[in-house]
Amino acid sequence: MISKTLALALAGATLLAACSGQQPATTNTDTLADNGVSLRNLADTDVAVPKPEQLTVRGRLIPTPSDPTSRHFLLRERKAVGGTIIAILRQEHDGRIAYARTETDCANRLFHVLGVGPNRALVETNITHDGPLRPIKGLPLREELATYVCAASGTPLAKA
């Protein structure tokens with residue numbers, strides 16, 4: 001159990017980060033203009049950190065033909081109370097890594113980002129909400145990620 005002081009310090013740091021207004025840069029169609037969350041270039045932003053020599057959780061490589069310069073991994077997926085799938089993803093690019101927590105509605109082909117961070121622990125608590133679930137049509141990377149996450153959860157992505 002963590003001390004009350006440590007818990008308050010962690011809560012304060014999380015709140016400070018959430019209120020700082022710093023968000024990943026955006027430059028592509030897999031980005032949402034309203035707040036700048038981009039899964040395609042997340043490992044190129046200040047959210048990312050240098051990739052360690054060994055990763056404790058290797059994850060399952062997700063085929064992403066629309067992003068051949070990065071490697072995306074599914075670390076964990078779980079079904080939420082409402083039936084959507086919450087997934088923890090890692091992007092590796094150019095010696096750097098970043099993590100994202102996403103939500104996918106497989107039946108309705110909807111997807112959004114819930115949080116991003118430099119490590120798995122922080123991505124579970126950081127909030128970088130990119131708005132409500134929205135269609136993946138026209139967003140190839142998000143469609144590839146959603147397809148894999150849904151299949152891994154046993155709930156295949158509905159046909160377009």
# chains A, B, ... in the order shown; residues from 1 in each chain; ligands from 1
>>> residues_around(residues="range 121-126 of chain A", least_positions_apart="3", cutoff="8 Å", atoms="only C-alpha atoms", output="list in words")
Thr14, Ala18, Ile88, Tyr99, Ala100, Arg101, Gly115, Val116, Gly117 and Pro118 of chain A
>>> residues_around(residues="Pro63 in chain A", least_positions_apart="6", cutoff="9 Å", atoms="only C-alpha atoms", output="JSON, numbers by chain")
{"A": [71, 72, 73, 144, 145, 148]}
>>> residues_around(residues="Asp44 in chain A", least_positions_apart="3", cutoff="12 Å", atoms="only C-alpha atoms", output="PyMOL selection string")
chain A and resi 23-27+38-41+47-50+69-70+91-99+118
>>> residues_around(residues="Asp130 in chain A", least_positions_apart="3", cutoff="7 Å", atoms="only C-alpha atoms", output="ChimeraX atom specification")
/A:35,37,112-114
>>> atom_distance(atom1="CA of Glu77 in chain A", atom2="CA of Leu89 in chain A")
8.9 Å
>>> atom_distance(atom1="CA of Ala158 in chain A", atom2="CA of Thr128 in chain A")
26.2 Å
